[in-house]
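Structure first, commentary second.
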Amino acid sequence: MQPSLQFRPADVHDIPMLRDLADRIWRSSYAAMLPAAQIDYMLERFYAPATIAAEMAAGTRWELAILADRPVGFLALSSEPAGRADLHKLYLLPDCQGLGLGQRMLDHARAIADGAADLRLRVNKANARAIRAYGRAGFSIVAALESDIGGGFAMDDYLMARPLRPRPLVKICGLSTVATLEAALAADADQIGLVFFPKSPRHVSLDQARTLAGLARGQATIVALTVDADDAAIDAIMDAVSPDWLQLHGRESPARVAAVRQTTRRPVMKAIGIAEAADLAQAEPYRVCADRILFDAKPPRGATLPGGNGVAFDWPILRDVALPYMLSGGLTPATVGTALAVTGAKAVDVSSGVETAPGLKDAGLIAAFVAAARQVGTPPAPGLAASRGLSDRTQIGDPS
């Protein structure tokens with residue numbers, strides 16, 4: 001059985017671990033390709049703690065790859081203008097290569113590229129094995145790049161690119177049965193949501209969630225939704241489910257969001273209820289602590305649930321929102337296309353819109369919703385051969 005590789009966002013506390021991994025990988029993988037002096041120089045230039053911290057602060061997304069609780073690799077990705085995503089780094093320890101884990105890392109990189117039309121990377125021309133591996137994964141050589149990186153050394157690379165299907169990310173939330181989970185996976189949903197809120201008709205027990213997560217893992221990203229949950233409840237969810245994301249759907253403060261993100265070492269999505277443009281200001285304090293905002297409709301007066309009420313809001317108010325967000329609230333197979341076209345959202349979330357009654361998901365509606373969302377295209381990216389924007393800090397290892 002192929003090992004199960006997990007991912008978590010890396011932050012400044014992980015910089016020593018990243019540096020150690022880079023040192024071990026570079027010294028074992030590149031000894032036959034590069035002189036020792038160049039390896040030393042590149043490690044000091046690209047993996048100095050201050051350099052990694054600056055990249056994180058500038059928005060480059062660093063992720064650790066974890067196998068059986070052991071960090072075995074990492075990747076770094078940034079979103080660029082005009083629908084591009086640049087994969088600056090992707091490395092695995094040598095003893096983990098050849099197990100299919102590199103492909104899993106590439107799959108993860110594509111999943112977190114957030115609607116990019118193409119994924120680009122640089123590979124050293126001398127790394128024939130990596131070039132072949134990326135070719136098998138759908139990447140093509142589109143340019144040759146040579147740059148002076150200082151220290152008397154140069155990077156002589158190929159720019160490789162792979163077009164990505166320009167589609168919005170789709171999350172089916174509130175799944176509670178094996179049949180409807182399988183329907184979401186069969187429809188190719190990107191994320192599945194499990195609700196941990198006893199007042200909700202979509203609430204699942206830890207045992208139910210453990211079973212559903214086990215079926216979904218590796219096929220879709222698992223999101224655990226909580227409402228003002230305390231540390232004990234979140235710890236129990238992490239132990240039972242090990243979700244890829246936490247969704248906080250209550251009145252959690254920015255400090256609480258930051259604390260959950262730090263404790264769980266998982267990306268966090270914070271739900272914000274809105275009805276009019278003025279409500280968007282509520283998202284601002286979460287810009288620095290949440291990985292994504294979920295804009296949902298404010299619950300109707302007297303409602304007992306913070307979301308999943310089947311209520312829409314004035315979608316055009318999201319047109320100029322400049323932060324990573326997911327659109328939710330009142331979406332159905334009939335309306336999701338319009339909502340995406342009006343807002344330009346890169347991610348959508350549905351729960352009640354694919355139900356026949358509160359908490360009762362319908363396989364046909366799930367399939368119809370995903371299909372309708374996927375029909376909404378995005379403008380094509382400019383020519384892949386353009387190399388501007390891929391910096392000299394980009395180096396990629398063997399993904400096998």
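Labeling convention for the structure tokens: chains A, B, ... as they appear, residues from 1 per chain, ligands from 1 in order of appearance.
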Hey, what's within 7 Å of stretch 268-281 of chain A if we count only C-alpha atoms and toss same-chain stuff fewer than 5 positions away? As a tab-separated table (two decimals) with N, CA and C atoms, in the first residue's frame, please?
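Here's the written file part-v6.tsv:
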chain	number	residue	atom	x	y	z
A	245	TRP	N	-7.91	21.00	6.96
A	245	TRP	CA	-8.28	22.39	7.26
A	245	TRP	C	-9.20	22.41	8.47
A	246	LEU	N	-9.16	23.53	9.19
A	246	LEU	CA	-10.16	23.83	10.23
A	246	LEU	C	-11.01	25.00	9.73
A	247	GLN	N	-12.31	24.87	9.84
A	247	GLN	CA	-13.22	25.97	9.49
A	247	GLN	C	-13.90	26.45	10.78
A	248	LEU	N	-13.68	27.69	11.13
A	248	LEU	CA	-14.24	28.27	12.34
A	248	LEU	C	-15.44	29.11	11.96
A	249	HIS	N	-16.62	28.67	12.39
A	249	HIS	CA	-17.86	29.25	11.89
A	249	HIS	C	-18.65	29.96	12.98
A	261	ARG	N	-4.72	27.96	14.70
A	261	ARG	CA	-3.79	27.68	13.61
A	261	ARG	C	-2.43	27.23	14.15
A	290	ALA	N	-5.97	34.22	9.31
A	290	ALA	CA	-6.72	33.16	8.64
A	290	ALA	C	-6.14	32.92	7.26
A	291	ASP	N	-6.09	31.66	6.85
A	291	ASP	CA	-5.58	31.33	5.52
A	291	ASP	C	-6.62	31.61	4.44
A	292	ARG	N	-7.87	31.59	4.81
A	292	ARG	CA	-8.95	31.89	3.85
A	292	ARG	C	-10.14	32.41	4.63
A	293	ILE	N	-10.88	33.33	4.00
A	293	ILE	CA	-12.15	33.80	4.55
A	293	ILE	C	-13.28	33.10	3.82
A	294	LEU	N	-14.27	32.64	4.54
A	294	LEU	CA	-15.47	32.11	3.92
A	294	LEU	C	-16.58	33.14	4.11
A	295	PHE	N	-17.01	33.74	3.01
A	295	PHE	CA	-18.11	34.71	3.08
A	295	PHE	C	-19.43	33.97	2.94
A	296	ASP	N	-20.20	34.01	4.00
A	296	ASP	CA	-21.50	33.35	4.06
A	296	ASP	C	-22.56	34.41	4.30
A	297	ALA	N	-23.79	34.08	3.99
A	297	ALA	CA	-24.87	35.02	4.26
A	297	ALA	C	-25.14	35.08	5.76
A	298	LYS	N	-25.45	36.27	6.24
A	298	LYS	CA	-25.85	36.39	7.64
A	298	LYS	C	-27.09	35.53	7.87
A	313	PHE	N	-26.71	36.31	-0.47
A	313	PHE	CA	-26.55	37.74	-0.22
A	313	PHE	C	-26.25	38.42	-1.56
A	314	ASP	N	-25.96	39.69	-1.52
A	314	ASP	CA	-25.73	40.46	-2.74
A	314	ASP	C	-24.33	40.17	-3.26
A	317	ILE	N	-21.07	42.53	-4.25
A	317	ILE	CA	-20.23	43.28	-3.30
A	317	ILE	C	-18.85	42.63	-3.12
Checklist entry - Could you pull the residues within 12 Å of A:Tyr30, counting only C-alpha atoms, minus those fewer than 2 positions along the same chain, as number ranges by chain? => result A: 22-28, 32-40, 42-43, 91, 93-94, 124, 126-127, 129-130, 395-398
With the cut-off set at 7 Å and counting only C-alpha atoms, tabulate each residue of stretch 51-95 of chain A with an atom at most that distance from an atom of stretch 1-18 of chain A, showing the nearest atom pair and its distance in Å to one decimal, ordered by chain and increasing number, as CSV.
residue,atom,partner,partner_atom,distance
A:Ile52,CA,A:Ile15,CA,7.0
A:Ala53,CA,A:Val12,CA,6.1
A:Trp62,CA,A:Ala10,CA,5.4
A:Glu63,CA,A:Pro9,CA,4.4
A:Leu64,CA,A:Arg8,CA,5.5
A:Ala65,CA,A:Phe7,CA,4.8
A:Ile66,CA,A:Gln6,CA,5.0
A:Leu67,CA,A:Leu5,CA,5.1
Select from stretch 218-322 of chain A every residue with an atom at most 10 Å from any atom of stretch 99-114 of chain A, then for each give the shortest pair of atoms and their distance in Å to one decimal, using only C-alpha atoms, rows by chain and rising number, as a tab-separated table.
residue	atom	partner	partner_atom	distance
A:Gly218	CA	A:Arg104	CA	8.6
A:Ala220	CA	A:Ala111	CA	9.5
A:Thr221	CA	A:Ala111	CA	8.9
Checklist entry - stretch 231-311 of chain A: which residues are strand (DSSP E) by DSSP, as a ChimeraX atom specification? => result /A:245-248,268-274,292-297
Please dump the current selection as a tab-separated table (two decimals), in the first residue's frame; keep all heavy atoms.
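Ended up saving to out28.tsv:
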chain	number	residue	atom	x	y	z
A	245	TRP	N	-7.91	21.00	6.96
A	245	TRP	CA	-8.28	22.39	7.26
A	245	TRP	C	-9.20	22.41	8.47
A	245	TRP	O	-9.95	21.45	8.71
A	245	TRP	CB	-9.05	23.02	6.09
A	245	TRP	CG	-8.22	23.51	4.94
A	245	TRP	CD1	-7.60	22.77	3.99
A	245	TRP	CD2	-7.96	24.89	4.61
A	245	TRP	NE1	-6.96	23.58	3.09
A	245	TRP	CE2	-7.17	24.88	3.43
A	245	TRP	CE3	-8.32	26.12	5.18
A	245	TRP	CZ2	-6.73	26.06	2.82
A	245	TRP	CZ3	-7.88	27.28	4.56
A	245	TRP	CH2	-7.09	27.25	3.40
A	246	LEU	N	-9.16	23.53	9.19
A	246	LEU	CA	-10.16	23.83	10.23
A	246	LEU	C	-11.01	25.00	9.73
A	246	LEU	O	-10.46	25.98	9.23
A	246	LEU	CB	-9.50	24.22	11.55
A	246	LEU	CG	-9.10	23.12	12.54
A	246	LEU	CD1	-10.31	22.35	13.03
A	246	LEU	CD2	-8.05	22.20	11.96
A	247	GLN	N	-12.31	24.87	9.84
A	247	GLN	CA	-13.22	25.97	9.49
A	247	GLN	C	-13.90	26.45	10.78
A	247	GLN	O	-14.59	25.68	11.44
A	247	GLN	CB	-14.27	25.50	8.48
A	247	GLN	CG	-15.29	26.57	8.10
A	247	GLN	CD	-16.23	26.10	7.02
A	247	GLN	OE1	-15.88	25.27	6.18
A	247	GLN	NE2	-17.46	26.59	7.02
A	248	LEU	N	-13.68	27.69	11.13
A	248	LEU	CA	-14.24	28.27	12.34
A	248	LEU	C	-15.44	29.11	11.96
A	248	LEU	O	-15.31	30.15	11.32
A	248	LEU	CB	-13.18	29.09	13.08
A	248	LEU	CG	-11.87	28.36	13.38
A	248	LEU	CD1	-10.94	29.23	14.21
A	248	LEU	CD2	-12.11	27.02	14.07
A	268	VAL	N	-6.44	27.53	8.48
A	268	VAL	CA	-7.73	27.84	9.08
A	268	VAL	C	-8.54	28.74	8.15
A	268	VAL	O	-8.03	29.71	7.60
A	268	VAL	CB	-7.55	28.53	10.45
A	268	VAL	CG1	-8.89	29.00	11.01
A	268	VAL	CG2	-6.88	27.57	11.43
A	269	MET	N	-9.80	28.39	8.01
A	269	MET	CA	-10.76	29.17	7.26
A	269	MET	C	-11.73	29.81	8.26
A	269	MET	O	-12.31	29.12	9.09
A	269	MET	CB	-11.53	28.26	6.29
A	269	MET	CG	-12.46	28.95	5.33
A	269	MET	SD	-13.43	27.76	4.32
A	269	MET	CE	-12.25	26.46	3.99
A	270	LYS	N	-11.90	31.13	8.21
A	270	LYS	CA	-12.80	31.82	9.12
A	270	LYS	C	-14.03	32.29	8.37
A	270	LYS	O	-13.94	33.00	7.37
A	270	LYS	CB	-12.10	33.03	9.76
A	270	LYS	CG	-13.03	33.82	10.70
A	270	LYS	CD	-13.41	33.01	11.92
A	270	LYS	CE	-14.36	33.77	12.84
A	270	LYS	NZ	-15.78	33.65	12.43
A	271	ALA	N	-15.20	31.88	8.86
A	271	ALA	CA	-16.46	32.28	8.24
A	271	ALA	C	-16.88	33.66	8.73
A	271	ALA	O	-16.81	33.97	9.92
A	271	ALA	CB	-17.54	31.26	8.57
A	272	ILE	N	-17.31	34.49	7.80
A	272	ILE	CA	-17.81	35.83	8.09
A	272	ILE	C	-19.19	35.97	7.46
A	272	ILE	O	-19.35	35.78	6.25
A	272	ILE	CB	-16.88	36.92	7.51
A	272	ILE	CG1	-15.45	36.78	8.04
A	272	ILE	CG2	-17.44	38.31	7.79
A	272	ILE	CD1	-15.29	37.09	9.50
A	273	GLY	N	-20.19	36.28	8.28
A	273	GLY	CA	-21.54	36.48	7.77
A	273	GLY	C	-21.71	37.89	7.24
A	273	GLY	O	-21.39	38.86	7.93
A	274	ILE	N	-22.18	38.03	6.00
A	274	ILE	CA	-22.35	39.36	5.42
A	274	ILE	C	-23.71	39.49	4.76
A	274	ILE	O	-24.33	38.51	4.34
A	274	ILE	CB	-21.24	39.67	4.39
A	274	ILE	CG1	-21.26	38.65	3.25
A	274	ILE	CG2	-19.87	39.70	5.04
A	274	ILE	CD1	-20.28	38.99	2.14
A	292	ARG	N	-7.87	31.59	4.81
A	292	ARG	CA	-8.95	31.89	3.85
A	292	ARG	C	-10.14	32.41	4.63
A	292	ARG	O	-10.40	31.98	5.76
A	292	ARG	CB	-9.32	30.64	3.06
A	292	ARG	CG	-10.51	30.80	2.13
A	292	ARG	CD	-10.77	29.56	1.29
A	292	ARG	NE	-9.78	29.42	0.24
A	292	ARG	CZ	-9.26	28.27	-0.18
A	292	ARG	NH1	-9.64	27.14	0.41
A	292	ARG	NH2	-8.37	28.23	-1.15
A	293	ILE	N	-10.88	33.33	4.00
A	293	ILE	CA	-12.15	33.80	4.55
A	293	ILE	C	-13.28	33.10	3.82
A	293	ILE	O	-13.23	32.95	2.59
A	293	ILE	CB	-12.29	35.33	4.38
A	293	ILE	CG1	-11.17	36.06	5.11
A	293	ILE	CG2	-13.66	35.80	4.88
A	293	ILE	CD1	-11.16	35.89	6.60
A	294	LEU	N	-14.27	32.64	4.54
A	294	LEU	CA	-15.47	32.11	3.92
A	294	LEU	C	-16.58	33.14	4.11
A	294	LEU	O	-16.99	33.43	5.24
A	294	LEU	CB	-15.88	30.78	4.55
A	294	LEU	CG	-17.09	30.12	3.87
A	294	LEU	CD1	-16.87	28.62	3.71
A	294	LEU	CD2	-18.38	30.36	4.66
A	295	PHE	N	-17.01	33.74	3.01
A	295	PHE	CA	-18.11	34.71	3.08
A	295	PHE	C	-19.43	33.97	2.94
A	295	PHE	O	-19.72	33.38	1.90
A	295	PHE	CB	-17.97	35.76	1.97
A	295	PHE	CG	-16.87	36.76	2.21
A	295	PHE	CD1	-15.80	36.87	1.34
A	295	PHE	CD2	-16.91	37.59	3.33
A	295	PHE	CE1	-14.80	37.79	1.56
A	295	PHE	CE2	-15.90	38.51	3.56
A	295	PHE	CZ	-14.84	38.61	2.68
A	296	ASP	N	-20.20	34.01	4.00
A	296	ASP	CA	-21.50	33.35	4.06
A	296	ASP	C	-22.56	34.41	4.30
A	296	ASP	O	-22.26	35.52	4.76
A	296	ASP	CB	-21.51	32.32	5.19
A	296	ASP	CG	-22.62	31.29	5.06
A	296	ASP	OD1	-23.41	31.39	4.10
A	296	ASP	OD2	-22.69	30.40	5.92
A	297	ALA	N	-23.79	34.08	3.99
A	297	ALA	CA	-24.87	35.02	4.26
A	297	ALA	C	-25.14	35.08	5.76
A	297	ALA	O	-25.04	34.07	6.47
A	297	ALA	CB	-26.14	34.59	3.53
Item to check | Contact residues around A:Leu181 with only C-alpha atoms at 12 Å, ignoring same-chain residues under 6 positions, as number ranges by chain | outcome: A: 171-175, 187-194, 208-209, 211-217, 219-220, 222, 360-363, 366-367
Next on the checklist: Please list as a list in words every residue within 8 Å of A:Asp157, counting only C-alpha atoms and excluding residues in the same chain fewer than 3 positions away.
Outcome noted: Arg122, Val123, Asn124, Lys125, Ala144, Leu145 and Glu146 of chain A
Same residues, C-alpha atoms, saved as a PDB file, in the first residue's frame:
ATOM      1  CA  ARG A 122      12.749  25.565 -12.803  1.00  0.00           C
ATOM      2  CA  VAL A 123      14.852  22.404 -12.995  1.00  0.00           C
ATOM      3  CA  ASN A 124      18.627  22.200 -13.259  1.00  0.00           C
ATOM      4  CA  LYS A 125      19.585  21.045 -16.744  1.00  0.00           C
ATOM      5  CA  ALA A 144      16.049  27.805 -20.990  1.00  0.00           C
ATOM      6  CA  LEU A 145      17.080  30.092 -18.136  1.00  0.00           C
ATOM      7  CA  GLU A 146      20.561  30.984 -17.008  1.00  0.00           C
TER       8      GLU A 146
END
Checklist entry - So which bits of stretch 46-87 of chain A end up helix (DSSP H, G or I) when you DSSP the backbone, as a ChimeraX atom specification? => result /A:46,49-57
Write the residues of the selection above to a file with N, CA and C atoms, as a tab-separated table (two decimals), in the first residue's frame.
chain	number	residue	atom	x	y	z
A	46	PHE	N	19.76	30.50	-0.05
A	46	PHE	CA	18.33	30.26	-0.19
A	46	PHE	C	17.66	29.72	1.06
A	49	PRO	N	17.82	31.32	7.69
A	49	PRO	CA	16.55	31.57	8.40
A	49	PRO	C	15.90	32.89	8.03
A	50	ALA	N	16.69	33.95	7.89
A	50	ALA	CA	16.10	35.26	7.55
A	50	ALA	C	15.49	35.24	6.16
A	51	THR	N	16.10	34.49	5.24
A	51	THR	CA	15.58	34.40	3.87
A	51	THR	C	14.23	33.69	3.85
A	52	ILE	N	14.16	32.55	4.54
A	52	ILE	CA	12.90	31.80	4.58
A	52	ILE	C	11.81	32.64	5.25
A	53	ALA	N	12.15	33.30	6.36
A	53	ALA	CA	11.17	34.13	7.07
A	53	ALA	C	10.66	35.25	6.18
A	54	ALA	N	11.55	35.86	5.41
A	54	ALA	CA	11.14	36.95	4.52
A	54	ALA	C	10.21	36.44	3.43
A	55	GLU	N	10.48	35.26	2.90
A	55	GLU	CA	9.60	34.69	1.88
A	55	GLU	C	8.22	34.40	2.46
A	56	MET	N	8.18	33.84	3.65
A	56	MET	CA	6.89	33.57	4.29
A	56	MET	C	6.12	34.87	4.49
A	57	ALA	N	6.81	35.91	4.95
A	57	ALA	CA	6.15	37.19	5.19
A	57	ALA	C	5.63	37.80	3.89
